[in-house]
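Report on the following structure.
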Amino acid sequence: MSHSDTPPRRPLLSRASRALTITIPAENEQGEAVPTAIAGEYPLTVYVDKRELVTLMTLGAAPEALTIGWLRNQRLVASLDEIESVQVDWDVDAVSVTTRGGLHDADARLASRTVTTGCGQGTMYGDLMEEIDATRLPADAEFSQATLYALMEAVRHRDSIYKQAGAVHGCALARAGAGGCEILMFCEDVGRHNAVDAIAGQMWLDGLEGGDKIFYTTGRLTSEMVIKTAQMGIPILVSRSGLTQMGWEIARRIGLTMIGRAQGKHYLLFTGQERFRR
């Protein structure tokens with residue numbers, strides 16, 4: 001096997017998923033006691049090589065994948081090989097990341113922050129526009145209306161924390177198949193950006209490329225969502241929600257196929273019409 005074909009070394013990971021819901025007392029409109037499930041929310045402070053970087057508010061479902069995906073999408077690490085270990089300790093609400101050679105251009109990236117609309121996180125590091133202009137998405141990827149409908153149906157039937165407790169966003173990584181649309185990963189968190197980052201991290205851990213995939217989110221299509229989808233190399237982005245002007249402009253600029261307001265048999269195709277087949 002050539003060096004280029006060698007799979008990346010998998011980092012040493014803790015397995016520190018938390019309970020995703022808790023039950024609290026509540027009263028309904030009749031004054032009756034109604035035990036109610038609510039979504040968990042926990043602070044997770046990210047330390048890399050003992051340097052504190054950020055505190056993420058998270059559901060706690062996949063904290064290791066979330067941390068790896070956050071580092072990936074912030075472009076602080078260039079590959080999974082650069083990460084030696086990711087260890088979560090909920091006793092101190094922190095995750096310790098050890099790298100093999102330090103963060104990629106960390107001082108410059110951490111000094112340059114772009115405020116985003118992401119709930120909870122609110123910033124992305126680095127010069128986003130220069131990097132996004134260099135992004136090339138596969139031009140030959142296709143997406144059909146039948147696949148879109150199959151995706152929406154698969155998401156609708158999926159068990160979720162949202163159905164139990166609300167208050168979370170969900171994201172899915174999917175792939176079109178002969179039988180419709182297969183959901184490869186589904187992740188929920190208290191912020192849509194966390195759910196995206198967790199999937200980005202898991203894609204690295206599983207060695208998955210994005211060129212033949214579809215990304216689905218329950219959240220709105222902001223610039224941050226478009227940029228992260230493009231960074232994962234995924235050419236098709238679908239949401240049940242709406243979009244922002246900057247999200248639309250960036251999607252047009254990089255040739256991303258973006259569909260919003262997708263529920264049931266209804267949808268709006270905003271960009272990348274050349275990939276879509278009715």
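Naming scheme: A, B, ... for chains in displayed order of the structure tokens; residues 1 onward per chain; ligands 1 onward as shown.
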What are the closest atom pairs, with distances in Å to one decimal, for each residue of range 46-159 of chain A lying within 8 Å of range 197-210 of chain A, using only C-alpha atoms, rows by chain and rising residue number, as CSV?
residue,atom,partner,partner_atom,distance
A:Ala62,CA,A:Ala198,CA,6.7
A:Pro63,CA,A:Ala198,CA,7.6
A:Glu64,CA,A:Ala198,CA,7.9
A:Ala65,CA,A:Gly201,CA,4.6
A:Leu66,CA,A:Ala198,CA,3.8
A:Thr67,CA,A:Ala198,CA,7.2
A:Ile68,CA,A:Gly201,CA,4.8
A:Gly69,CA,A:Gly201,CA,3.7
A:Trp70,CA,A:Asp197,CA,5.1
A:Arg72,CA,A:Gly201,CA,7.1
A:Asn73,CA,A:Asp197,CA,6.9
A:Ser79,CA,A:Trp204,CA,7.9
A:Leu80,CA,A:Trp204,CA,6.4
Could you write those residues out with C-alpha atoms, as a tab-separated table (two decimals), in the first residue's frame?
chain	number	residue	atom	x	y	z
A	62	ALA	CA	-21.28	12.76	20.71
A	63	PRO	CA	-18.81	15.12	22.38
A	64	GLU	CA	-15.71	13.55	20.81
A	65	ALA	CA	-17.04	13.78	17.25
A	66	LEU	CA	-18.31	17.30	17.99
A	67	THR	CA	-14.85	18.40	19.12
A	68	ILE	CA	-13.11	16.87	16.10
A	69	GLY	CA	-15.67	18.37	13.73
A	70	TRP	CA	-15.34	21.80	15.35
A	72	ARG	CA	-12.05	20.53	11.32
A	73	ASN	CA	-14.60	23.18	10.36
A	79	SER	CA	-6.56	15.91	8.87
A	80	LEU	CA	-7.47	13.28	11.44
Contact residues around Thr217 in chain A with only C-alpha atoms at 12 Å, ignoring same-chain residues under 2 positions, as a VMD selection string: chain A and resid 151 to 152 155 168 to 174 185 to 189 191 to 196 199 214 to 215 219 to 222 225 to 226 228 to 229 236 to 243 258 to 263
Could you write out that same residue set with N, CA and C atoms as a tab-separated table (two decimals), in the first residue's frame?
chain	number	residue	atom	x	y	z
A	151	LEU	N	-35.89	11.44	1.15
A	151	LEU	CA	-35.14	11.97	2.28
A	151	LEU	C	-36.09	12.54	3.33
A	152	MET	N	-37.05	13.35	2.90
A	152	MET	CA	-37.98	13.95	3.84
A	152	MET	C	-38.79	12.88	4.58
A	155	VAL	N	-36.51	11.19	7.22
A	155	VAL	CA	-36.31	12.05	8.38
A	155	VAL	C	-37.57	12.07	9.25
A	168	VAL	N	-34.15	21.15	20.22
A	168	VAL	CA	-32.88	20.77	19.61
A	168	VAL	C	-32.99	20.92	18.09
A	169	HIS	N	-31.83	21.01	17.45
A	169	HIS	CA	-31.74	20.97	15.99
A	169	HIS	C	-31.19	19.60	15.58
A	170	GLY	N	-31.59	19.16	14.39
A	170	GLY	CA	-31.11	17.89	13.87
A	170	GLY	C	-30.45	18.06	12.52
A	171	CYS	N	-29.44	17.23	12.25
A	171	CYS	CA	-28.77	17.20	10.95
A	171	CYS	C	-28.60	15.75	10.53
A	172	ALA	N	-28.64	15.53	9.23
A	172	ALA	CA	-28.47	14.18	8.71
A	172	ALA	C	-27.52	14.19	7.52
A	173	LEU	N	-26.71	13.15	7.42
A	173	LEU	CA	-25.90	12.89	6.24
A	173	LEU	C	-26.57	11.75	5.49
A	174	ALA	N	-26.85	11.97	4.22
A	174	ALA	CA	-27.62	10.98	3.46
A	174	ALA	C	-26.96	10.73	2.11
A	185	MET	N	-26.00	9.09	8.77
A	185	MET	CA	-25.79	9.60	10.13
A	185	MET	C	-26.92	10.57	10.45
A	186	PHE	N	-27.29	10.61	11.71
A	186	PHE	CA	-28.28	11.59	12.17
A	186	PHE	C	-27.81	12.08	13.53
A	187	CYS	N	-27.75	13.36	13.71
A	187	CYS	CA	-27.24	13.93	14.95
A	187	CYS	C	-28.10	15.11	15.38
A	188	GLU	N	-28.40	15.19	16.66
A	188	GLU	CA	-29.14	16.32	17.21
A	188	GLU	C	-28.30	16.99	18.29
A	189	ASP	N	-28.49	18.30	18.43
A	189	ASP	CA	-27.81	19.04	19.49
A	189	ASP	C	-28.59	20.33	19.74
A	191	GLY	N	-27.57	23.30	19.42
A	191	GLY	CA	-27.28	24.27	18.36
A	191	GLY	C	-27.06	23.55	17.05
A	192	ARG	N	-27.57	24.11	15.97
A	192	ARG	CA	-27.44	23.43	14.69
A	192	ARG	C	-25.99	23.30	14.27
A	193	HIS	N	-25.15	24.29	14.64
A	193	HIS	CA	-23.73	24.22	14.29
A	193	HIS	C	-23.07	23.04	14.97
A	194	ASN	N	-23.48	22.70	16.21
A	194	ASN	CA	-22.92	21.54	16.90
A	194	ASN	C	-23.27	20.25	16.17
A	195	ALA	N	-24.50	20.13	15.71
A	195	ALA	CA	-24.91	18.93	14.99
A	195	ALA	C	-24.12	18.78	13.70
A	196	VAL	N	-23.87	19.90	13.00
A	196	VAL	CA	-23.05	19.86	11.79
A	196	VAL	C	-21.64	19.41	12.12
A	199	ILE	N	-21.25	15.69	12.85
A	199	ILE	CA	-21.25	14.87	11.64
A	199	ILE	C	-19.94	15.03	10.89
A	214	ILE	N	-25.65	14.03	0.62
A	214	ILE	CA	-26.64	15.10	0.80
A	214	ILE	C	-26.63	15.47	2.27
A	215	PHE	N	-26.68	16.77	2.56
A	215	PHE	CA	-26.74	17.20	3.95
A	215	PHE	C	-28.11	17.80	4.22
A	219	GLY	N	-32.26	23.43	10.70
A	219	GLY	CA	-31.99	24.85	10.94
A	219	GLY	C	-32.03	25.68	9.68
A	220	ARG	N	-32.01	26.99	9.85
A	220	ARG	CA	-32.04	27.88	8.70
A	220	ARG	C	-30.70	27.85	7.96
A	221	LEU	N	-30.74	28.24	6.70
A	221	LEU	CA	-29.58	28.16	5.83
A	221	LEU	C	-28.81	29.48	5.87
A	222	THR	N	-27.97	29.61	6.87
A	222	THR	CA	-27.15	30.81	7.04
A	222	THR	C	-25.83	30.63	6.32
A	225	MET	N	-23.91	27.72	7.81
A	225	MET	CA	-24.34	26.39	7.39
A	225	MET	C	-23.84	26.06	5.99
A	226	VAL	N	-23.91	27.03	5.09
A	226	VAL	CA	-23.44	26.82	3.72
A	226	VAL	C	-21.94	26.56	3.71
A	228	LYS	N	-19.95	25.41	6.12
A	228	LYS	CA	-19.59	24.13	6.71
A	228	LYS	C	-19.94	22.97	5.79
A	229	THR	N	-21.07	23.06	5.10
A	229	THR	CA	-21.44	22.01	4.15
A	229	THR	C	-20.40	21.93	3.03
A	236	ILE	N	-24.91	19.21	-1.94
A	236	ILE	CA	-26.36	19.39	-1.86
A	236	ILE	C	-26.76	19.61	-0.40
A	237	LEU	N	-27.50	20.69	-0.17
A	237	LEU	CA	-27.91	21.08	1.18
A	237	LEU	C	-29.42	21.28	1.20
A	238	VAL	N	-30.09	20.63	2.15
A	238	VAL	CA	-31.55	20.67	2.25
A	238	VAL	C	-31.94	21.08	3.66
A	239	SER	N	-32.96	21.93	3.77
A	239	SER	CA	-33.46	22.34	5.08
A	239	SER	C	-34.98	22.43	5.06
A	240	ARG	N	-35.58	22.20	6.20
A	240	ARG	CA	-37.02	22.44	6.32
A	240	ARG	C	-37.28	23.91	6.61
A	241	SER	N	-36.22	24.69	6.87
A	241	SER	CA	-36.35	26.09	7.23
A	241	SER	C	-35.99	26.98	6.04
A	242	GLY	N	-35.90	28.29	6.32
A	242	GLY	CA	-35.60	29.26	5.27
A	242	GLY	C	-34.11	29.55	5.18
A	243	LEU	N	-33.77	30.68	4.57
A	243	LEU	CA	-32.38	31.01	4.34
A	243	LEU	C	-32.13	32.49	4.57
A	258	MET	N	-28.98	24.22	-3.16
A	258	MET	CA	-29.59	24.50	-1.87
A	258	MET	C	-31.11	24.52	-1.99
A	259	ILE	N	-31.74	23.72	-1.14
A	259	ILE	CA	-33.21	23.61	-1.11
A	259	ILE	C	-33.68	23.93	0.29
A	260	GLY	N	-34.68	24.81	0.41
A	260	GLY	CA	-35.23	25.18	1.70
A	260	GLY	C	-36.74	25.02	1.73
A	261	ARG	N	-37.30	25.26	2.92
A	261	ARG	CA	-38.76	25.13	3.14
A	261	ARG	C	-39.27	23.76	2.70
A	262	ALA	N	-38.43	22.73	2.91
A	262	ALA	CA	-38.76	21.39	2.43
A	262	ALA	C	-39.50	20.62	3.52
A	263	GLN	N	-40.80	20.46	3.31
A	263	GLN	CA	-41.63	19.67	4.21
A	263	GLN	C	-42.69	18.98	3.38
Quick one: pick out all helix (DSSP H, G or I) residues within range 82-246 of chain A from a backbone DSSP run and write them as a PyMOL selection string. chain A and resi 82+106-111+128-133+145-156+161-165+192-206+223-231+245-246
What does the file look like for those residues with C-alpha atoms, as a PDB file, in the first residue's frame?
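And here's selection.pdb as it stands now:
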ATOM      1  CA  GLU A  82      -2.958  15.452  13.389  1.00  0.00           C
ATOM      2  CA  ALA A 106      -3.456  28.644  15.190  1.00  0.00           C
ATOM      3  CA  ASP A 107      -2.381  32.129  16.231  1.00  0.00           C
ATOM      4  CA  ALA A 108      -3.438  33.716  12.942  1.00  0.00           C
ATOM      5  CA  ARG A 109      -6.729  31.832  12.811  1.00  0.00           C
ATOM      6  CA  LEU A 110      -7.675  32.471  16.407  1.00  0.00           C
ATOM      7  CA  ALA A 111      -6.903  36.168  15.946  1.00  0.00           C
ATOM      8  CA  LEU A 128     -13.614  32.401   5.570  1.00  0.00           C
ATOM      9  CA  MET A 129     -14.178  34.081   2.237  1.00  0.00           C
ATOM     10  CA  GLU A 130     -10.721  33.349   0.852  1.00  0.00           C
ATOM     11  CA  GLU A 131     -11.080  29.683   1.759  1.00  0.00           C
ATOM     12  CA  ILE A 132     -14.612  29.345   0.477  1.00  0.00           C
ATOM     13  CA  ASP A 133     -13.649  30.819  -2.898  1.00  0.00           C
ATOM     14  CA  GLN A 145     -37.094  15.256  -6.713  1.00  0.00           C
ATOM     15  CA  ALA A 146     -37.811  11.603  -5.894  1.00  0.00           C
ATOM     16  CA  THR A 147     -34.659  11.451  -3.738  1.00  0.00           C
ATOM     17  CA  LEU A 148     -35.685  14.667  -1.977  1.00  0.00           C
ATOM     18  CA  TYR A 149     -39.098  13.242  -1.141  1.00  0.00           C
ATOM     19  CA  ALA A 150     -37.515   9.984   0.068  1.00  0.00           C
ATOM     20  CA  LEU A 151     -35.141  11.971   2.282  1.00  0.00           C
ATOM     21  CA  MET A 152     -37.976  13.953   3.839  1.00  0.00           C
ATOM     22  CA  GLU A 153     -39.925  10.760   4.499  1.00  0.00           C
ATOM     23  CA  ALA A 154     -36.911   9.057   6.100  1.00  0.00           C
ATOM     24  CA  VAL A 155     -36.310  12.049   8.385  1.00  0.00           C
ATOM     25  CA  ARG A 156     -39.999  12.228   9.330  1.00  0.00           C
ATOM     26  CA  ILE A 161     -34.926  13.830  20.794  1.00  0.00           C
ATOM     27  CA  TYR A 162     -36.963  16.595  19.146  1.00  0.00           C
ATOM     28  CA  LYS A 163     -40.072  14.387  19.182  1.00  0.00           C
ATOM     29  CA  GLN A 164     -39.541  13.639  22.879  1.00  0.00           C
ATOM     30  CA  ALA A 165     -38.422  16.981  24.203  1.00  0.00           C
ATOM     31  CA  ARG A 192     -27.444  23.430  14.686  1.00  0.00           C
ATOM     32  CA  HIS A 193     -23.735  24.223  14.286  1.00  0.00           C
ATOM     33  CA  ASN A 194     -22.916  21.541  16.898  1.00  0.00           C
ATOM     34  CA  ALA A 195     -24.911  18.928  14.991  1.00  0.00           C
ATOM     35  CA  VAL A 196     -23.054  19.856  11.791  1.00  0.00           C
ATOM     36  CA  ASP A 197     -19.669  19.696  13.511  1.00  0.00           C
ATOM     37  CA  ALA A 198     -20.437  16.309  15.062  1.00  0.00           C
ATOM     38  CA  ILE A 199     -21.251  14.870  11.643  1.00  0.00           C
ATOM     39  CA  ALA A 200     -18.114  16.459  10.154  1.00  0.00           C
ATOM     40  CA  GLY A 201     -16.044  14.833  12.891  1.00  0.00           C
ATOM     41  CA  GLN A 202     -17.686  11.445  12.449  1.00  0.00           C
ATOM     42  CA  MET A 203     -17.126  11.618   8.679  1.00  0.00           C
ATOM     43  CA  TRP A 204     -13.407  11.954   9.350  1.00  0.00           C
ATOM     44  CA  LEU A 205     -13.471   9.109  11.873  1.00  0.00           C
ATOM     45  CA  ASP A 206     -15.317   6.864   9.386  1.00  0.00           C
ATOM     46  CA  SER A 223     -23.683  31.599   5.713  1.00  0.00           C
ATOM     47  CA  GLU A 224     -22.238  29.388   8.445  1.00  0.00           C
ATOM     48  CA  MET A 225     -24.341  26.389   7.394  1.00  0.00           C
ATOM     49  CA  VAL A 226     -23.441  26.816   3.720  1.00  0.00           C
ATOM     50  CA  ILE A 227     -19.724  27.200   4.483  1.00  0.00           C
ATOM     51  CA  LYS A 228     -19.587  24.128   6.711  1.00  0.00           C
ATOM     52  CA  THR A 229     -21.436  22.015   4.146  1.00  0.00           C
ATOM     53  CA  ALA A 230     -18.976  23.115   1.463  1.00  0.00           C
ATOM     54  CA  GLN A 231     -16.006  22.440   3.764  1.00  0.00           C
ATOM     55  CA  GLN A 245     -29.171  36.571   2.090  1.00  0.00           C
ATOM     56  CA  MET A 246     -25.530  35.746   2.764  1.00  0.00           C
TER      57      MET A 246
END
Between CA of Glu84 in chain A and CA of Asp105 in chain A, what is the distance, to one decimal in Å? 17.8 Å
Which residue, A:Thr257, A:Ser17, A:Thr271, A:Thr55, has the smallest gap to Ala141 in chain A when you use only C-alpha atoms? A:Thr257
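The residues of range 34-70 of chain A that DSSP assigns to strand (DSSP E or B) on this backbone come out as Thr36, Ala37, Ile38, Ala39, Tyr42, Pro43, Leu44, Thr45, Val46, Tyr47, Val48, Arg51, Glu52, Leu53, Val54, Thr55, Leu56, Met57 and Thr58 of chain A.
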Put those residues in a file: N, CA and C atoms, as a tab-separated table (two decimals), in the first residue's frame.
chain	number	residue	atom	x	y	z
A	36	THR	N	-42.31	15.93	32.36
A	36	THR	CA	-41.99	16.34	31.00
A	36	THR	C	-40.52	16.13	30.70
A	37	ALA	N	-40.26	15.49	29.57
A	37	ALA	CA	-38.87	15.29	29.13
A	37	ALA	C	-38.36	16.57	28.48
A	38	ILE	N	-37.16	16.99	28.87
A	38	ILE	CA	-36.52	18.14	28.25
A	38	ILE	C	-35.12	17.75	27.79
A	39	ALA	N	-34.61	18.49	26.81
A	39	ALA	CA	-33.29	18.20	26.27
A	39	ALA	C	-32.20	18.63	27.25
A	42	TYR	N	-25.25	21.16	28.20
A	42	TYR	CA	-24.08	21.17	29.06
A	42	TYR	C	-22.97	21.99	28.42
A	43	PRO	N	-22.20	22.73	29.22
A	43	PRO	CA	-21.03	23.40	28.66
A	43	PRO	C	-19.89	22.41	28.48
A	44	LEU	N	-19.18	22.54	27.37
A	44	LEU	CA	-18.02	21.71	27.10
A	44	LEU	C	-16.88	22.62	26.63
A	45	THR	N	-15.91	22.83	27.51
A	45	THR	CA	-14.78	23.70	27.17
A	45	THR	C	-13.70	22.89	26.47
A	46	VAL	N	-13.29	23.37	25.30
A	46	VAL	CA	-12.32	22.66	24.47
A	46	VAL	C	-10.92	23.18	24.78
A	47	TYR	N	-10.04	22.27	25.20
A	47	TYR	CA	-8.63	22.57	25.40
A	47	TYR	C	-7.83	21.78	24.37
A	48	VAL	N	-6.95	22.46	23.66
A	48	VAL	CA	-6.06	21.79	22.71
A	48	VAL	C	-4.63	22.02	23.16
A	51	ARG	N	-4.31	24.44	25.80
A	51	ARG	CA	-4.72	25.82	25.51
A	51	ARG	C	-6.24	25.87	25.39
A	52	GLU	N	-6.89	26.73	26.16
A	52	GLU	CA	-8.35	26.85	26.11
A	52	GLU	C	-8.75	27.62	24.86
A	53	LEU	N	-9.71	27.03	24.09
A	53	LEU	CA	-10.12	27.66	22.84
A	53	LEU	C	-11.54	28.19	22.86
A	54	VAL	N	-12.49	27.39	23.34
A	54	VAL	CA	-13.90	27.77	23.22
A	54	VAL	C	-14.71	26.91	24.17
A	55	THR	N	-15.88	27.41	24.57
A	55	THR	CA	-16.85	26.60	25.29
A	55	THR	C	-18.08	26.42	24.42
A	56	LEU	N	-18.41	25.17	24.14
A	56	LEU	CA	-19.58	24.83	23.33
A	56	LEU	C	-20.71	24.38	24.25
A	57	MET	N	-21.91	24.84	24.00
A	57	MET	CA	-23.07	24.34	24.72
A	57	MET	C	-23.65	23.20	23.91
A	58	THR	N	-23.74	22.02	24.52
A	58	THR	CA	-24.07	20.83	23.75
A	58	THR	C	-25.04	19.91	24.47
Contacts of range 7-11 of chain A at 6 Å (only C-alpha atoms; same-chain gap of 5+ positions) as a PyMOL selection string: chain A and resi 81+83-85
For Glu274 in chain A, the nearest of the candidates A:Leu256, A:Ile250, A:Leu13, A:Ala176, counting only C-alpha atoms: A:Leu256
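The two atoms in question, CA of Arg18 in chain A and CA of Ala78 in chain A, are spaced 28.2 Å apart.
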